[in-house]
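Printed here is start_26.txt (compact mmCIF, C-alpha atoms):
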```
# COMPACT_ATOMS: atom_id res chain seq x y z
CA MET A 255 16.14 -19.95 49.66
CA ARG A 256 18.87 -18.12 47.90
CA ARG A 257 19.30 -21.08 45.58
CA PHE A 258 15.61 -21.11 44.85
CA LEU A 259 15.59 -17.42 44.04
CA THR A 260 18.61 -17.78 41.81
CA LEU A 261 17.05 -20.68 39.98
CA ALA A 262 13.72 -18.89 39.60
CA THR A 263 15.37 -15.73 38.33
CA VAL A 264 17.50 -17.64 35.85
CA ILE A 265 14.56 -19.67 34.60
CA VAL A 266 12.23 -16.70 34.19
CA THR A 267 14.95 -14.73 32.44
CA ALA A 268 15.65 -17.64 30.13
CA LEU A 269 11.96 -18.05 29.38
CA LEU A 270 11.59 -14.38 28.60
CA LEU A 271 14.61 -14.38 26.36
CA GLN A 272 13.49 -17.57 24.66
CA THR A 273 10.06 -16.19 23.86
CA THR A 274 11.13 -12.70 22.86
CA VAL A 275 14.64 -12.21 21.54
CA LEU A 276 15.23 -15.73 20.36
CA ALA A 277 11.75 -15.96 18.90
CA ASP A 278 12.83 -13.31 16.44
CA ILE A 279 15.96 -15.20 15.56
CA ARG A 280 14.70 -18.21 13.77
CA LEU A 281 17.28 -19.49 11.36
CA LEU A 282 16.49 -22.23 8.89
CA GLY A 283 13.39 -23.11 10.87
CA ALA A 284 15.01 -23.56 14.26
CA ARG A 285 16.18 -21.47 17.15
CA PRO A 286 18.32 -21.91 20.23
CA GLU A 287 16.78 -23.87 23.10
CA LEU A 288 17.80 -21.78 26.07
CA MET A 289 16.20 -24.05 28.63
CA TYR A 290 18.21 -27.02 27.41
CA LEU A 291 21.35 -24.95 27.55
CA LEU A 292 20.52 -23.83 31.06
CA THR A 293 19.84 -27.34 32.30
CA ILE A 294 22.99 -28.77 30.81
CA VAL A 295 25.20 -26.02 32.19
CA PHE A 296 23.69 -26.28 35.66
CA ALA A 297 24.07 -30.03 35.58
CA MET A 298 27.71 -29.66 34.63
CA LEU A 299 28.34 -27.16 37.39
CA GLU A 300 26.26 -28.63 40.18
CA GLY A 301 25.89 -32.33 39.55
CA PRO A 302 23.05 -34.70 38.74
CA SER A 303 20.52 -33.76 41.41
CA SER A 304 20.78 -30.04 40.77
CA GLY A 305 20.68 -30.72 37.07
CA ALA A 306 17.53 -32.76 37.43
CA VAL A 307 15.84 -30.14 39.62
CA THR A 308 16.82 -27.33 37.29
CA GLY A 309 15.64 -29.27 34.29
CA PHE A 310 12.35 -30.13 35.96
CA ALA A 311 11.67 -26.56 37.06
CA GLY A 312 12.71 -25.01 33.76
CA GLY A 313 10.86 -27.63 31.77
CA MET A 314 7.69 -27.20 33.79
CA ALA A 315 7.89 -23.44 33.44
CA GLN A 316 8.29 -23.74 29.70
CA ASP A 317 5.63 -26.41 29.44
CA PHE A 318 3.02 -24.26 31.06
CA LEU A 319 3.54 -21.62 28.43
CA LEU A 320 3.14 -24.14 25.65
CA ASN A 321 -0.13 -25.30 24.27
CA GLN A 322 0.47 -29.02 24.37
CA PRO A 323 0.51 -31.78 26.98
CA LYS A 324 2.42 -30.33 29.88
CA GLY A 325 5.34 -32.19 31.32
CA ILE A 326 7.11 -33.38 28.19
CA THR A 327 9.80 -30.74 28.41
CA ALA A 328 9.99 -31.27 32.15
CA LEU A 329 10.51 -34.99 31.67
CA THR A 330 13.08 -34.44 28.95
CA LEU A 331 15.04 -31.87 30.89
CA THR A 332 14.91 -33.79 34.16
CA LEU A 333 16.48 -36.77 32.51
CA LEU A 334 18.85 -34.60 30.53
CA GLY A 335 20.03 -32.75 33.63
CA TYR A 336 20.51 -35.99 35.52
CA ALA A 337 22.36 -37.65 32.65
CA VAL A 338 24.68 -34.73 32.05
CA GLY A 339 25.33 -34.42 35.79
CA LEU A 340 26.24 -38.10 35.99
CA LEU A 341 28.45 -37.98 32.93
CA ARG A 342 30.22 -34.90 34.19
CA GLN A 343 31.44 -36.87 37.21
CA TYR A 344 33.31 -39.24 34.96
CA VAL A 345 34.81 -36.66 32.64
CA VAL A 346 37.67 -34.74 34.08
CA SER A 347 38.90 -32.24 31.58
CA PRO A 348 39.84 -28.61 32.09
CA SER A 349 39.31 -27.89 28.42
CA PRO A 350 37.23 -24.74 27.83
CA VAL A 351 35.73 -26.42 24.79
CA LEU A 352 34.17 -29.14 26.93
CA PRO A 353 31.03 -27.17 27.90
CA VAL A 354 30.43 -26.37 24.25
CA VAL A 355 30.68 -30.01 23.22
CA VAL A 356 28.54 -31.19 26.11
CA VAL A 357 25.90 -28.55 25.41
CA ALA A 358 25.80 -29.42 21.72
CA SER A 359 25.47 -33.17 22.17
CA GLY A 360 23.14 -32.77 25.16
CA THR A 361 20.83 -30.44 23.26
CA PHE A 362 20.80 -32.75 20.27
CA CYS A 363 19.86 -35.80 22.35
CA GLY A 364 17.38 -33.78 24.41
CA VAL A 365 15.50 -32.45 21.39
CA LEU A 366 15.40 -35.92 19.87
CA PHE A 367 14.03 -37.32 23.11
CA TYR A 368 11.45 -34.58 23.26
CA GLY A 369 10.39 -35.40 19.72
CA LEU A 370 10.18 -39.08 20.57
CA VAL A 371 7.96 -38.50 23.59
CA SER A 372 5.74 -36.14 21.60
CA PHE A 373 5.50 -38.75 18.90
CA LEU A 374 4.49 -41.42 21.38
CA LEU A 375 1.80 -39.10 22.69
CA GLY A 376 0.55 -38.43 19.20
CA GLN A 377 1.56 -34.80 19.46
CA PHE A 378 4.31 -34.81 16.90
CA ASP A 379 3.13 -33.96 13.42
CA SER A 380 6.36 -33.46 11.52
CA THR A 381 8.74 -35.85 9.84
CA ALA A 382 11.78 -37.48 11.39
CA VAL A 383 13.97 -35.54 8.97
CA TYR A 384 12.59 -32.28 10.30
CA LEU A 385 13.14 -33.44 13.87
CA PHE A 386 16.76 -34.29 13.17
CA ARG A 387 17.28 -31.00 11.41
CA VAL A 388 15.79 -29.02 14.29
CA ALA A 389 17.81 -31.03 16.79
CA GLY A 390 21.02 -30.43 14.88
CA LEU A 391 20.37 -26.74 14.39
CA SER A 392 19.32 -26.16 18.01
CA ALA A 393 22.45 -27.99 19.12
CA ALA A 394 24.58 -25.79 16.92
CA TYR A 395 22.92 -22.57 18.09
CA ASN A 396 23.17 -23.61 21.73
CA ALA A 397 26.84 -24.41 21.20
CA ILE A 398 27.35 -20.93 19.81
CA LEU A 399 25.54 -19.38 22.77
CA THR A 400 27.45 -21.42 25.34
CA PRO A 401 30.53 -19.17 25.57
CA LEU A 402 28.20 -16.25 26.26
CA VAL A 403 25.90 -17.94 28.73
CA TYR A 404 28.28 -20.26 30.53
CA PRO A 405 30.23 -17.61 32.50
CA VAL A 406 27.04 -15.89 33.59
CA LEU A 407 25.46 -19.12 34.81
CA ARG A 408 28.64 -20.18 36.56
CA ARG A 409 28.74 -16.94 38.46
CA ALA A 410 25.08 -17.34 39.41
CA ALA A 411 25.66 -20.91 40.53
CA GLU A 412 28.73 -20.04 42.53
CA ALA A 413 27.01 -17.12 44.20
CA SER A 414 24.16 -19.35 45.28
CA ARG A 415 26.51 -22.08 46.42
CA SER A 416 28.86 -19.99 48.55
CA ARG A 417 26.17 -19.42 51.16
CA ARG A 418 25.63 -23.12 51.43
CA VAL A 419 29.32 -23.72 51.92
CA VAL A 420 29.38 -21.17 54.71
CA ARG A 421 26.36 -22.70 56.33
CA TRP A 422 27.61 -26.23 56.19
CA MET B 187 30.63 -42.51 52.10
CA ALA B 188 29.25 -39.24 51.10
CA ILE B 189 29.29 -39.87 47.39
CA PRO B 190 27.10 -43.00 47.36
CA THR B 191 24.57 -41.25 49.56
CA ARG B 192 24.51 -38.23 47.31
CA ALA B 193 24.20 -40.42 44.27
CA ARG B 194 21.31 -42.26 45.83
CA SER B 195 19.56 -39.08 46.79
CA ALA B 196 20.08 -37.78 43.29
CA ARG B 197 18.55 -40.92 41.89
CA LEU B 198 15.63 -40.53 44.25
CA ILE B 199 15.12 -36.95 43.21
CA VAL B 200 15.21 -37.89 39.54
CA VAL B 201 12.76 -40.73 39.99
CA ALA B 202 10.41 -38.42 41.86
CA LEU B 203 10.67 -35.66 39.28
CA VAL B 204 10.24 -38.02 36.36
CA SER B 205 7.18 -39.48 38.04
CA VAL B 206 5.73 -36.04 38.53
CA SER B 207 6.47 -35.20 34.92
CA LEU B 208 4.81 -38.37 33.67
CA LEU B 209 1.87 -37.73 35.94
CA THR B 210 1.58 -34.22 34.59
CA ILE B 211 1.73 -35.47 31.03
CA THR B 212 -0.92 -38.09 31.67
CA VAL B 213 -3.26 -35.86 33.60
CA ASP B 214 -2.98 -33.08 31.09
CA TYR B 215 -3.36 -35.46 28.19
CA ARG B 216 -6.52 -36.95 29.62
CA GLU B 217 -8.10 -33.71 30.65
CA GLY B 218 -7.40 -31.75 27.53
CA ASP B 219 -8.16 -28.06 27.54
CA ASN B 220 -10.54 -27.98 30.46
CA GLY B 221 -8.44 -29.48 33.26
CA PRO B 222 -6.86 -27.66 36.15
CA LEU B 223 -3.43 -27.95 34.52
CA ALA B 224 -4.65 -26.19 31.44
CA SER B 225 -6.04 -23.35 33.51
CA LEU B 226 -2.77 -23.24 35.41
CA GLY B 227 -1.04 -22.92 32.06
CA ARG B 228 -3.34 -20.08 31.14
CA THR B 229 -2.51 -18.40 34.42
CA ALA B 230 1.19 -18.79 33.73
CA LEU B 231 0.64 -17.27 30.32
CA THR B 232 -1.29 -14.39 31.87
CA VAL B 233 1.53 -13.71 34.29
CA MET B 234 4.22 -14.04 31.71
CA SER B 235 2.71 -12.12 28.83
CA PRO B 236 3.10 -8.61 30.30
CA LEU B 237 6.71 -9.40 31.09
CA GLN B 238 7.17 -10.76 27.63
CA GLU B 239 5.62 -7.66 26.19
CA VAL B 240 8.01 -5.41 28.05
CA VAL B 241 11.05 -7.47 27.19
CA SER B 242 9.90 -7.80 23.64
CA LYS B 243 9.56 -4.06 23.30
CA VAL B 244 13.12 -3.64 24.46
CA THR B 245 14.68 -6.51 22.63
CA HIS B 246 12.68 -6.70 19.46
CA PRO B 247 14.92 -4.24 17.65
CA ILE B 248 17.92 -6.26 18.76
CA GLY B 249 16.38 -9.48 17.55
CA ASN B 250 15.41 -7.75 14.35
CA PHE B 251 18.93 -6.54 13.93
CA PHE B 252 20.34 -10.01 14.34
CA SER B 253 17.83 -11.67 12.10
CA THR B 254 18.48 -8.97 9.52
CA LEU B 255 22.18 -9.58 9.88
CA VAL B 256 21.66 -13.26 9.33
CA ARG B 257 19.35 -12.71 6.40
CA LEU B 258 21.65 -10.15 4.85
CA PRO B 259 22.67 -12.23 1.82
CA ALA B 260 19.05 -13.03 1.11
CA ILE B 261 18.14 -9.39 1.57
CA ARG B 262 20.89 -8.35 -0.78
CA THR B 263 19.76 -10.70 -3.52
CA GLU B 264 16.22 -9.57 -2.91
CA ASN B 265 17.36 -5.99 -3.22
CA GLU B 266 19.07 -6.70 -6.53
CA ASP B 267 16.07 -8.60 -7.73
CA LEU B 268 13.81 -5.70 -6.85
CA LYS B 269 16.12 -3.23 -8.53
CA ASP B 270 16.03 -5.36 -11.67
CA ARG B 271 12.31 -5.48 -11.59
CA LEU B 272 12.08 -1.76 -11.00
CA ALA B 273 14.30 -1.10 -14.00
CA GLN B 274 12.18 -3.44 -16.06
CA ALA B 275 9.01 -1.75 -14.92
CA GLU B 276 10.47 1.66 -15.69
CA SER B 277 11.49 0.63 -19.17
CA GLN B 278 8.07 -0.85 -19.69
CA LEU B 279 6.56 2.39 -18.53
CA ALA B 280 8.74 4.33 -20.95
CA THR B 281 7.74 2.01 -23.77
CA ALA B 282 4.13 2.38 -22.81
CA SER B 283 4.30 6.15 -22.85
CA GLN B 284 6.06 6.01 -26.21
CA VAL B 285 3.36 3.74 -27.53
CA GLU B 286 0.74 6.09 -26.19
CA GLN B 287 2.41 9.03 -27.87
CA ARG B 288 2.55 7.14 -31.11
CA LEU B 289 -1.09 6.21 -30.73
CA HIS B 290 -1.97 9.87 -30.37
CA GLU B 291 0.02 10.65 -33.45
CA VAL B 292 -1.59 7.89 -35.47
CA GLU B 293 -5.01 8.95 -34.29
CA GLY B 294 -4.19 12.48 -35.39
CA LEU B 295 -3.13 11.18 -38.79
CA LEU B 296 -6.35 9.27 -39.07
CA GLY B 297 -8.18 12.51 -38.47
CA VAL B 298 -6.14 14.15 -41.21
CA THR B 299 -6.94 11.39 -43.65
CA GLN B 300 -10.62 11.79 -43.00
CA SER B 301 -10.52 15.58 -43.21
CA LEU B 302 -8.70 15.54 -46.54
CA GLY B 303 -11.76 14.10 -48.15
CA PRO B 304 -12.86 10.76 -49.52
CA ASN B 305 -11.02 11.04 -52.81
CA VAL B 306 -7.65 11.64 -51.26
CA ARG B 307 -5.48 8.61 -50.77
CA THR B 308 -2.76 8.81 -48.20
CA ILE B 309 -0.07 6.56 -46.83
CA ALA B 310 1.51 6.74 -43.39
CA ALA B 311 5.27 6.60 -43.19
CA GLN B 312 7.76 6.61 -40.42
CA VAL B 313 10.53 9.14 -40.21
CA ILE B 314 13.73 7.13 -40.25
CA ALA B 315 16.32 9.86 -40.60
CA LYS B 316 16.79 13.59 -40.52
CA GLY B 317 18.69 15.59 -43.12
CA VAL B 318 22.41 15.03 -43.13
CA SER B 319 23.43 18.52 -44.11
CA ASN B 320 23.07 21.76 -42.23
CA PHE B 321 21.87 23.40 -45.43
CA GLU B 322 19.27 20.88 -46.30
CA TRP B 323 16.14 20.56 -44.24
CA THR B 324 14.86 17.16 -45.09
CA ILE B 325 13.63 14.00 -43.50
CA THR B 326 13.83 10.46 -44.78
CA ILE B 327 10.73 8.28 -44.55
CA ASN B 328 10.46 4.52 -44.86
CA GLU B 329 8.04 4.41 -47.78
CA GLY B 330 9.01 4.83 -51.43
CA SER B 331 7.94 4.25 -54.99
CA ASN B 332 6.95 0.68 -54.14
CA HIS B 333 4.16 2.14 -52.08
CA GLY B 334 3.03 4.63 -54.67
CA ILE B 335 5.01 7.63 -53.53
CA LYS B 336 6.00 10.01 -56.30
CA LEU B 337 7.88 13.25 -56.51
CA ASP B 338 6.23 16.42 -55.24
CA GLN B 339 3.62 14.66 -53.18
CA PRO B 340 2.71 16.66 -50.09
CA VAL B 341 3.52 15.37 -46.62
CA VAL B 342 1.50 16.28 -43.56
CA ALA B 343 1.74 15.49 -39.88
CA SER B 344 -0.99 14.74 -37.39
CA GLY B 345 -3.34 17.61 -36.70
CA LYS B 346 -3.37 18.41 -40.44
CA ARG B 347 -0.15 20.36 -40.27
CA LEU B 348 2.08 20.74 -43.29
CA VAL B 349 5.49 19.09 -43.23
CA GLY B 350 6.78 19.44 -46.78
CA HIS B 351 6.87 17.54 -50.03
CA VAL B 352 8.67 14.58 -51.51
CA VAL B 353 11.82 15.55 -53.38
CA ARG B 354 13.47 12.17 -53.98
CA VAL B 355 12.03 8.73 -54.21
CA ALA B 356 13.75 5.41 -53.78
CA PRO B 357 11.96 2.05 -53.97
CA ASP B 358 11.56 1.78 -50.23
CA SER B 359 12.29 5.22 -48.91
CA SER B 360 11.88 8.81 -49.88
CA ILE B 361 13.26 12.14 -48.88
CA VAL B 362 10.92 14.90 -47.89
CA GLN B 363 11.91 18.51 -48.13
CA LEU B 364 10.60 20.41 -45.13
CA ILE B 365 8.82 23.69 -45.56
CA VAL B 366 11.61 25.40 -43.63
CA ASP B 367 14.15 24.43 -46.26
CA PRO B 368 15.39 27.56 -48.05
CA ASP B 369 14.46 25.97 -51.38
CA SER B 370 10.89 25.38 -50.32
CA ALA B 371 8.11 27.70 -51.34
CA VAL B 372 4.53 27.20 -50.28
CA ALA B 373 1.47 29.20 -51.23
CA GLY B 374 -0.26 30.21 -48.03
CA ARG B 375 -3.43 31.95 -47.12
CA LEU B 376 -3.91 34.12 -44.09
CA GLU B 377 -6.68 33.06 -41.78
CA PHE B 378 -8.62 36.29 -41.39
CA SER B 379 -7.91 38.37 -44.47
CA ARG B 380 -7.93 35.40 -46.81
CA THR B 381 -4.97 37.03 -48.52
CA THR B 382 -2.47 34.72 -50.13
CA GLY B 383 1.30 34.91 -50.10
CA LEU B 384 4.34 32.77 -50.68
CA LEU B 385 6.09 31.20 -47.74
CA THR B 386 9.76 30.46 -48.20
CA GLY B 387 11.89 28.57 -45.73
CA GLN B 388 14.66 30.23 -43.78
CA SER B 389 16.30 27.20 -42.20
CA ASP B 390 16.02 27.29 -38.47
CA GLN B 391 14.38 30.68 -38.43
CA ASP B 392 10.72 31.26 -38.98
CA MET B 393 9.50 31.15 -42.55
CA LYS B 394 9.13 34.34 -44.49
CA MET B 395 5.80 35.14 -46.04
CA GLY B 396 6.14 37.27 -49.11
CA LEU B 397 3.95 38.67 -51.85
CA VAL B 398 1.41 39.94 -49.36
CA ASP B 399 -0.27 43.16 -50.18
CA THR B 400 0.74 46.09 -47.95
CA THR B 401 -2.82 47.00 -47.24
CA THR B 402 -3.61 43.69 -45.66
CA GLU B 403 -4.31 43.65 -41.96
CA VAL B 404 -2.14 40.98 -40.40
CA GLN B 405 -1.87 40.11 -36.72
CA ALA B 406 0.70 38.03 -34.92
CA GLY B 407 -0.78 34.69 -33.92
CA GLU B 408 -2.88 34.49 -37.05
CA GLN B 409 -2.86 31.07 -38.64
CA VAL B 410 -1.65 30.43 -42.16
CA PHE B 411 -3.09 27.60 -44.28
CA THR B 412 -2.11 26.25 -47.64
CA ALA B 413 -3.82 28.12 -50.46
CA GLY B 414 -3.91 25.21 -52.81
CA TYR B 415 -4.03 27.16 -56.05
CA ARG B 416 -1.82 28.93 -58.43
CA ILE B 417 -0.84 32.30 -57.12
CA PRO B 418 0.23 35.15 -59.32
CA GLY B 419 3.95 35.08 -59.93
CA GLY B 420 4.48 31.89 -57.96
CA ALA B 421 4.66 28.24 -58.70
CA GLN B 422 1.58 26.15 -58.91
CA SER B 423 0.77 24.88 -55.48
CA MET B 424 1.30 21.17 -55.03
CA TYR B 425 -0.48 21.15 -51.70
CA PRO B 426 -4.16 20.57 -51.07
CA PRO B 427 -5.90 23.58 -49.57
CA GLY B 428 -6.61 24.10 -45.90
CA ILE B 429 -3.55 22.47 -44.36
CA LEU B 430 -2.09 24.39 -41.45
CA ILE B 431 1.35 25.76 -42.20
CA GLY B 432 2.01 27.81 -39.09
CA THR B 433 1.17 30.94 -37.19
CA VAL B 434 2.28 34.47 -37.87
CA SER B 435 5.05 35.32 -35.45
CA HIS B 436 6.07 38.80 -36.59
CA VAL B 437 4.67 41.55 -38.74
CA VAL B 438 7.09 44.29 -39.62
CA PRO B 439 5.15 47.42 -40.36
CA ASP B 440 7.12 48.80 -43.26
CA VAL B 441 4.94 51.27 -45.02
CA ALA B 442 7.53 52.14 -47.67
CA ALA B 443 7.94 48.61 -48.91
CA LEU B 444 5.88 47.10 -51.69
CA GLU B 445 5.00 44.07 -49.70
CA LYS B 446 4.52 43.31 -46.05
CA PHE B 447 7.26 41.53 -44.16
CA ILE B 448 5.71 38.67 -42.28
CA THR B 449 7.37 35.74 -40.55
CA VAL B 450 5.50 32.52 -39.86
CA ALA B 451 6.45 29.93 -37.25
CA PRO B 452 5.85 26.43 -38.59
CA ALA B 453 3.12 24.47 -36.86
CA VAL B 454 5.19 21.31 -36.85
CA ASP B 455 8.09 20.70 -34.50
CA PHE B 456 10.34 19.08 -37.05
CA SER B 457 12.75 17.69 -34.49
CA SER B 458 10.10 15.44 -32.98
CA LEU B 459 8.45 14.09 -36.07
CA ASP B 460 7.75 10.40 -35.92
CA ILE B 461 4.99 9.41 -38.29
CA VAL B 462 3.92 11.46 -41.27
CA LEU B 463 1.26 11.09 -43.88
CA VAL B 464 2.05 11.25 -47.59
CA VAL B 465 -0.83 12.40 -49.73
CA LEU B 466 -0.76 10.13 -52.77
CA SER B 467 -3.50 11.65 -54.86
CA GLY B 468 -5.68 14.68 -54.97
CA GLY B 469 -2.82 16.98 -54.03
CA SER B 470 -1.52 18.48 -57.19
CA ARG B 471 -3.71 18.83 -60.17
```
Is it possible to give me this structure as C-alpha cells?
Amino acid sequence: MRRFLTLATVIVTALLLQTTVLADIRLLGARPELMYLLTIVFAMLEGPSSGAVTGFAGGMAQDFLLNQPKGITALTLTLLGYAVGLLRQYVVSPSPVLPVVVVASGTFCGVLFYGLVSFLLGQFDSTAVYLFRVAGLSAAYNAILTPLVYPVLRRAAEASRSRRVVRW
Amino acid sequence: MAIPTRARSARLIVVALVSVSLLTITVDYREGDNGPLASLGRTALTVMSPLQEVVSKVTHPIGNFFSTLVRLPAIRTENEDLKDRLAQAESQLATASQVEQRLHEVEGLLGVTQSLGPNVRTIAAQVIAKGVSNFEWTITINEGSNHGIKLDQPVVASGKRLVGHVVRVAPDSSIVQLIVDPDSAVAGRLEFSRTTGLLTGQSDQDMKMGLVDTTTEVQAGEQVFTAGYRIPGGAQSMYPPGILIGTVSHVVPDVAALEKFITVAPAVDFSSLDIVLVVLSGGSR
C-alpha cells in the first residue's frame, strides 16, 4: 500500500511538473521527458519488475492526458523499465555517472521506440530527422536532470522499501 | 533459487503489462474519440487540469525565468536589433519633421512669390553659410550669377518677410547682407500712420528706425513694411513695397529731439533661415 502511494505520488508529481514547469522550458523544440527519467531510475533502483510496473503506471497516466491512441507510452515505458532493470543486474559499477549515462541512453532508445510505434499506428507525422533530434535532446535534458531527480527518487524508493523489508 | 523465480515473475509481469498496453492501444485506436477509454482520458484530464492550473500558477514564473535564461542570447540580440530599429525610426522621424518644416517654408515662399505679383520673377535659394565675421551680418546662398542673381536684389523669407539684399555675386553663390547689418539701410513704412523712415541695422540689437517725424503716433507692436520708394534724404529703395520688415519694439518718447527714436525687431529669425527667395526683377526700378 505504501509502495502504491509512493508510486502514485511520484507519478502525479512528475506529470504535473511535466505539463507545467517543463512545458514552459522547451529548448530547440524538445523538452525533458520526466516519465522516462522516472521509469529508468526506478528500474535501476528496484529491478525489472518494479521498473515495468512503474513504466506501465506512469505511461498510462501520461497517455490518458494525451490526445492520441492510449497505451503507446505505457508500452514503451513498460519495456523500457523492464530492459533497464534487466541490464542493471549485469552492470555492477559504483560510478555516480552511471545513472546519468543509463538515463541518457534509455531515454534516447525509449523516445525512438515511441516514435516507431506511433509511426506504425499512423500517428507519427514528423520526419525521422525530427524524431532523432527530439530523442537526442530529450536524452540530454534528462541526463542533466538526473543528478537532481535521482537522489529524491532513491529516497522515495528506499522509504517505500524499508517497510517491506521489515515485513518480510 | 530466488533469483530465477523473481526473474520469471518479472517476465510474467512485463508480458501482462505489455499485453494490456497493446490492448489499450488497439481498443482506443478502433474506438476513436467516442470509446470508453477516450472518456476515461477526458476524466483524467478533468481531474488533472485544476491541479495543473494550481501548479502552473506557482511554477510558471520559474519556468519563465529558466526559459528566459536559456533564451538570453537570443533576447540580447533581439534587444540590440530593436534598439537599432528604434534609432533608425527616430532618425527617420527627425528627417520627416525636417522635411515637413522645409515644406512649410517652401509653401510660404510660394505664397510670397504669388503675392509679389505676376511680373516679379523670383528664385529660391538655400542658405549654405552664415557670415564669418562678427561685424558682418550676412548669409551665403547657393545661387549666383548663373541663375540670374545680380547685386542689390532683394531677398525675402517665407511669410513675405524681408531678409536683406545681395551684396556679392559669384557664379554659383551669392552673399546677402541682412537688414540687421550696420551697413544696411531700408526704407520702411509704419503700419498705421503710413509714415516712412529709414531702418538701419544695429547688429544683434533691434534695428533703429530714423527720420520719423516727431508728431507721428507710434505704438510698440506696430508692423513696419518696406516703403519701396525714394525717401527724402535717403537712398533709393531697392526693395519692392509691402514686405514685412519687423515690428516696433520700443518707442522712446523724446520730445526735444528732431526725430522719434524707434527700434524695430526684425520679423525674420536670422539664425534659423533655411530657404530664401531672391527677387530677380521688379524690385528696384
Distance-based interface of chain B with chain A, 9 Å, counting only C-alpha atoms, as a PDB file with C-alpha atoms, in the frame of the given file:
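What follows is the written file part.pdb:
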```
ATOM      1  CA  ARG B 192      24.510 -38.230  47.310  1.00  0.00           C
ATOM      2  CA  ALA B 193      24.200 -40.420  44.270  1.00  0.00           C
ATOM      3  CA  SER B 195      19.560 -39.080  46.790  1.00  0.00           C
ATOM      4  CA  ALA B 196      20.080 -37.780  43.290  1.00  0.00           C
ATOM      5  CA  ARG B 197      18.550 -40.920  41.890  1.00  0.00           C
ATOM      6  CA  LEU B 198      15.630 -40.530  44.250  1.00  0.00           C
ATOM      7  CA  ILE B 199      15.120 -36.950  43.210  1.00  0.00           C
ATOM      8  CA  VAL B 200      15.210 -37.890  39.540  1.00  0.00           C
ATOM      9  CA  LEU B 203      10.670 -35.660  39.280  1.00  0.00           C
ATOM     10  CA  VAL B 204      10.240 -38.020  36.360  1.00  0.00           C
ATOM     11  CA  SER B 205       7.180 -39.480  38.040  1.00  0.00           C
ATOM     12  CA  VAL B 206       5.730 -36.040  38.530  1.00  0.00           C
ATOM     13  CA  SER B 207       6.470 -35.200  34.920  1.00  0.00           C
ATOM     14  CA  LEU B 208       4.810 -38.370  33.670  1.00  0.00           C
ATOM     15  CA  LEU B 209       1.870 -37.730  35.940  1.00  0.00           C
ATOM     16  CA  THR B 210       1.580 -34.220  34.590  1.00  0.00           C
ATOM     17  CA  ILE B 211       1.730 -35.470  31.030  1.00  0.00           C
ATOM     18  CA  THR B 212      -0.920 -38.090  31.670  1.00  0.00           C
ATOM     19  CA  VAL B 213      -3.260 -35.860  33.600  1.00  0.00           C
ATOM     20  CA  ASP B 214      -2.980 -33.080  31.090  1.00  0.00           C
ATOM     21  CA  TYR B 215      -3.360 -35.460  28.190  1.00  0.00           C
ATOM     22  CA  GLY B 218      -7.400 -31.750  27.530  1.00  0.00           C
ATOM     23  CA  LEU B 223      -3.430 -27.950  34.520  1.00  0.00           C
ATOM     24  CA  ALA B 224      -4.650 -26.190  31.440  1.00  0.00           C
ATOM     25  CA  LEU B 226      -2.770 -23.240  35.410  1.00  0.00           C
ATOM     26  CA  GLY B 227      -1.040 -22.920  32.060  1.00  0.00           C
ATOM     27  CA  ARG B 228      -3.340 -20.080  31.140  1.00  0.00           C
ATOM     28  CA  THR B 229      -2.510 -18.400  34.420  1.00  0.00           C
ATOM     29  CA  ALA B 230       1.190 -18.790  33.730  1.00  0.00           C
ATOM     30  CA  LEU B 231       0.640 -17.270  30.320  1.00  0.00           C
ATOM     31  CA  MET B 234       4.220 -14.040  31.710  1.00  0.00           C
ATOM     32  CA  LEU B 237       6.710  -9.400  31.090  1.00  0.00           C
ATOM     33  CA  GLN B 238       7.170 -10.760  27.630  1.00  0.00           C
ATOM     34  CA  GLU B 239       5.620  -7.660  26.190  1.00  0.00           C
ATOM     35  CA  VAL B 241      11.050  -7.470  27.190  1.00  0.00           C
ATOM     36  CA  SER B 242       9.900  -7.800  23.640  1.00  0.00           C
ATOM     37  CA  LYS B 243       9.560  -4.060  23.300  1.00  0.00           C
ATOM     38  CA  THR B 245      14.680  -6.510  22.630  1.00  0.00           C
ATOM     39  CA  HIS B 246      12.680  -6.700  19.460  1.00  0.00           C
ATOM     40  CA  PRO B 247      14.920  -4.240  17.650  1.00  0.00           C
ATOM     41  CA  ILE B 248      17.920  -6.260  18.760  1.00  0.00           C
ATOM     42  CA  GLY B 249      16.380  -9.480  17.550  1.00  0.00           C
ATOM     43  CA  ASN B 250      15.410  -7.750  14.350  1.00  0.00           C
ATOM     44  CA  PHE B 252      20.340 -10.010  14.340  1.00  0.00           C
ATOM     45  CA  SER B 253      17.830 -11.670  12.100  1.00  0.00           C
ATOM     46  CA  VAL B 256      21.660 -13.260   9.330  1.00  0.00           C
ATOM     47  CA  ARG B 257      19.350 -12.710   6.400  1.00  0.00           C
TER      48      ARG B 257
END
```
- Query: What does the distance between CA of Lys346 (chain B) and CA of Leu295 (chain B) come to in Å, to one decimal place?
  - Reply: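 Between these atoms lies a distance of 7.4 Å.
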- Query: Between A:Ala397, A:Leu402, A:Val355, A:Leu366, which is the closest to Val383 (chain A) once you count all atoms listed in the file?
  - Reply: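 Smallest separation from Val383 (chain A) among the options: A:Leu366.
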- Message: Using all atoms listed in the file, list the residues that have an atom at most 8 Å from (6.3, 8.9, -33.6), coordinates as in the file, as a VMD selection string.
- Response: chain B and resid 284 287 to 288 291 312 to 313 458 to 461
For the residues selected in the previous step, produce a file with C-alpha atoms as an mmCIF file, in the frame of the given file.
```
data_model
loop_
_atom_site.group_PDB
_atom_site.id
_atom_site.type_symbol
_atom_site.label_atom_id
_atom_site.label_comp_id
_atom_site.auth_asym_id
_atom_site.auth_seq_id
_atom_site.Cartn_x
_atom_site.Cartn_y
_atom_site.Cartn_z
ATOM 1 C CA GLN B 284 6.060 6.010 -26.210
ATOM 2 C CA GLN B 287 2.410 9.030 -27.870
ATOM 3 C CA ARG B 288 2.550 7.140 -31.110
ATOM 4 C CA GLU B 291 0.020 10.650 -33.450
ATOM 5 C CA GLN B 312 7.760 6.610 -40.420
ATOM 6 C CA VAL B 313 10.530 9.140 -40.210
ATOM 7 C CA SER B 458 10.100 15.440 -32.980
ATOM 8 C CA LEU B 459 8.450 14.090 -36.070
ATOM 9 C CA ASP B 460 7.750 10.400 -35.920
ATOM 10 C CA ILE B 461 4.990 9.410 -38.290
#
```
- Task: For CA of Val357 (chain A) and CA of Thr400 (chain A), determine how far apart the two atoms are, in Å to one decimal place.
- Result: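 Answer for the CA of Val357 (chain A) to CA of Thr400 (chain A) separation: 7.3 Å.
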